[in-house]
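*Asks:* Take a look at this one; I'll ask things after.
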Amino acid sequence: PGDAGAAPGRPLGAAIRRLDVLPGEVAYAQGFVGTEEAAQLAAAVEARPFVALHGRLLQNYGGVPHLSGTICEPLPEFLRGLAIRLRESGAFGHDPPIAPDQALVNKYGPSQGIAAHNDGENFKPRAAIVSLNSYAVLRFFRPEAATLDSPEGPSAAAKSPSRGHEVGSVLLEPNSLLVFAGAAYEELTHAIDPVETESIEGVANWDLLSPELRAAGQIKREERLSLTLRNVARVQCVVDLEHDYVAPDIREEMARRTVWWRRAISQ
C-alpha cells in the first residue's frame, strides 16, 4: 500500500524512509537504535520513577512544556546520545541541524493504548517516536470537530467527541523511529488502540516489513516503551539543577508547573 521511497530532496538519514501515502511529512526507520542500545535505554527508563495515569505510565524530561515559555532542563544523560543521533539524521532539520530538547516516555501494558489526540501548541510541529520492546500500530485521523485534544496538558485544544476519519496507519516495530511533521502533526490526530492483538494490513510501511510479518498479518502486543522527542515552542530560560545556581523564584515556578502538569495530564 503506497510508495515508501526515500525522502526526495530532504536531509533525512539514508535509513529513514518517507511514507508518501500519509498527509504531511511522515518518515520511518527500522532499527534506528541497535539491540544493545535499546536494552540500555529500556533499563535506564525502568530505573526512574513514573507518573501513573489511566492506561499508561509516564516520564517527562527537559522541563514542563508551557505556552508562556518552558523552563528547560538538560535531557538526562541516557537520552542525550539519542538526541544527538536524531540531530545528525536530519530528523529535526538541517539548516542548522537541530536536536530535540524535550522527551516524553510512555509505558504501555500489552492491551493499553492512547486516545486520539494532537500534541498541541506547546511544541514545534515535529515529533519523533522511538519504540522499544514491542509492536504497536499508530493510527492517524482527520478529526470531525475543529478542535483537537491533547492528553499531555492544557493547550489551545479542546476535547473532540469523535476521533474522525482514519487516514492511515504505521506499524511501529521495536527499535524503530517514526517522524511526523507538517499536516500530519498540525491537522491530524493520532492514537494507539487499547487491544492486545491487531491487524497490520494496510499500514503505510507495509513494503518495509519482513515477509514473516506480512504473512502473519497481525501483531501481538507486549509491554512497550515509547520515547517521544520534540522541541518546545517557546523557551523562557534554561536551567541545570544539578550544576547551576537557580534562583528561588525559578525553583518555585518549576515546582508549581510540575504540580500543574501532573494534575492536567491526569484529567
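Here's how to read the names in the C-alpha cells: chain A, B, ... by the order shown, residue numbers from 1 in each chain, ligand numbers from 1 in the order shown.
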Using only C-alpha atoms, what table do you get, as JSON lines, when you list each residue of segment 177-218 of chain A with an atom no more than 8 Å from segment 121-135 of chain A, its nearest pair of atoms, and their distance in Å rounded to one decimal, rows by chain then rising number?

*Replies:*
```
{"residue": "A:Leu177", "atom": "CA", "partner": "A:Val130", "partner_atom": "CA", "distance": 4.7}
{"residue": "A:Leu178", "atom": "CA", "partner": "A:Ile129", "partner_atom": "CA", "distance": 5.1}
{"residue": "A:Val179", "atom": "CA", "partner": "A:Ala128", "partner_atom": "CA", "distance": 4.4}
{"residue": "A:Phe180", "atom": "CA", "partner": "A:Ala127", "partner_atom": "CA", "distance": 5.6}
{"residue": "A:Ala181", "atom": "CA", "partner": "A:Arg126", "partner_atom": "CA", "distance": 4.3}
{"residue": "A:Gly182", "atom": "CA", "partner": "A:Pro125", "partner_atom": "CA", "distance": 6.3}
{"residue": "A:Tyr185", "atom": "CA", "partner": "A:Pro125", "partner_atom": "CA", "distance": 5.8}
{"residue": "A:Glu186", "atom": "CA", "partner": "A:Pro125", "partner_atom": "CA", "distance": 6.5}
```

*Asks:* Could you write out, as a PyMOL selection string, all the residues of segment 18-162 of chain A that DSSP marks as alpha helix (DSSP H)?

*Replies:* chain A and resi 35-46+77-89

*Asks:* Go ahead and dump the residues you just picked, C-alpha atoms, as an mmCIF file, in the first residue's frame.

*Replies:*
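Below is the file result01.cif, written as the result:
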```cif
data_model
loop_
_atom_site.group_PDB
_atom_site.id
_atom_site.type_symbol
_atom_site.label_atom_id
_atom_site.label_comp_id
_atom_site.auth_asym_id
_atom_site.auth_seq_id
_atom_site.Cartn_x
_atom_site.Cartn_y
_atom_site.Cartn_z
ATOM 1 C CA THR A 35 19.646 -4.103 20.156
ATOM 2 C CA GLU A 36 22.253 -3.197 22.795
ATOM 3 C CA GLU A 37 21.343 0.493 22.774
ATOM 4 C CA ALA A 38 17.646 -0.373 23.052
ATOM 5 C CA ALA A 39 18.327 -2.563 26.092
ATOM 6 C CA GLN A 40 20.354 0.227 27.715
ATOM 7 C CA LEU A 41 17.622 2.797 27.055
ATOM 8 C CA ALA A 42 14.934 0.499 28.458
ATOM 9 C CA ALA A 43 16.995 -0.227 31.581
ATOM 10 C CA ALA A 44 17.635 3.485 32.169
ATOM 11 C CA VAL A 45 13.924 4.273 31.804
ATOM 12 C CA GLU A 46 12.862 1.471 34.137
ATOM 13 C CA GLU A 77 22.481 11.510 30.088
ATOM 14 C CA PHE A 78 20.780 8.349 28.856
ATOM 15 C CA LEU A 79 18.763 10.362 26.305
ATOM 16 C CA ARG A 80 21.482 12.717 25.074
ATOM 17 C CA GLY A 81 23.071 10.238 22.698
ATOM 18 C CA LEU A 82 19.673 9.552 21.121
ATOM 19 C CA ALA A 83 19.008 13.294 20.776
ATOM 20 C CA ILE A 84 22.371 13.739 19.039
ATOM 21 C CA ARG A 85 21.616 10.868 16.653
ATOM 22 C CA LEU A 86 18.294 12.473 15.778
ATOM 23 C CA ARG A 87 20.049 15.772 15.106
ATOM 24 C CA GLU A 88 22.639 14.088 12.886
ATOM 25 C CA SER A 89 19.936 12.216 10.972
#
```

*Asks:* Please list as an MDAnalysis selection string every residue within 12 Å of segment 204-216 of chain A, counting only C-alpha atoms and excluding residues in the same chain fewer than 5 positions away.

*Replies:* chainID A and resid 1:6 15:23 26:31 135 137:140 167:173 176:178 197:199

*Asks:* Would you kindly return, as a list in words, each protein, DNA or RNA residue with an atom no farther than 12 Å from any atom of segment 244-252 of chain A, considering only C-alpha atoms and excluding same-chain residues fewer than 3 positions away?

*Replies:* Gly63, Thr70, Ile71, Cys72, Glu73, Pro74, Gln236, Cys237, Val238, Val239, Asp240, Leu241, Ala255, Arg256, Arg257, Thr258 and Val259 of chain A

*Asks:* With only C-alpha atoms as the basis for distance, which of A:Gly120, A:Pro76, A:Pro49, A:Pro110 is at the shortest distance from Arg224 of chain A?

*Replies:*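 With only C-alpha atoms as the atom set, the closest residue is A:Pro110.
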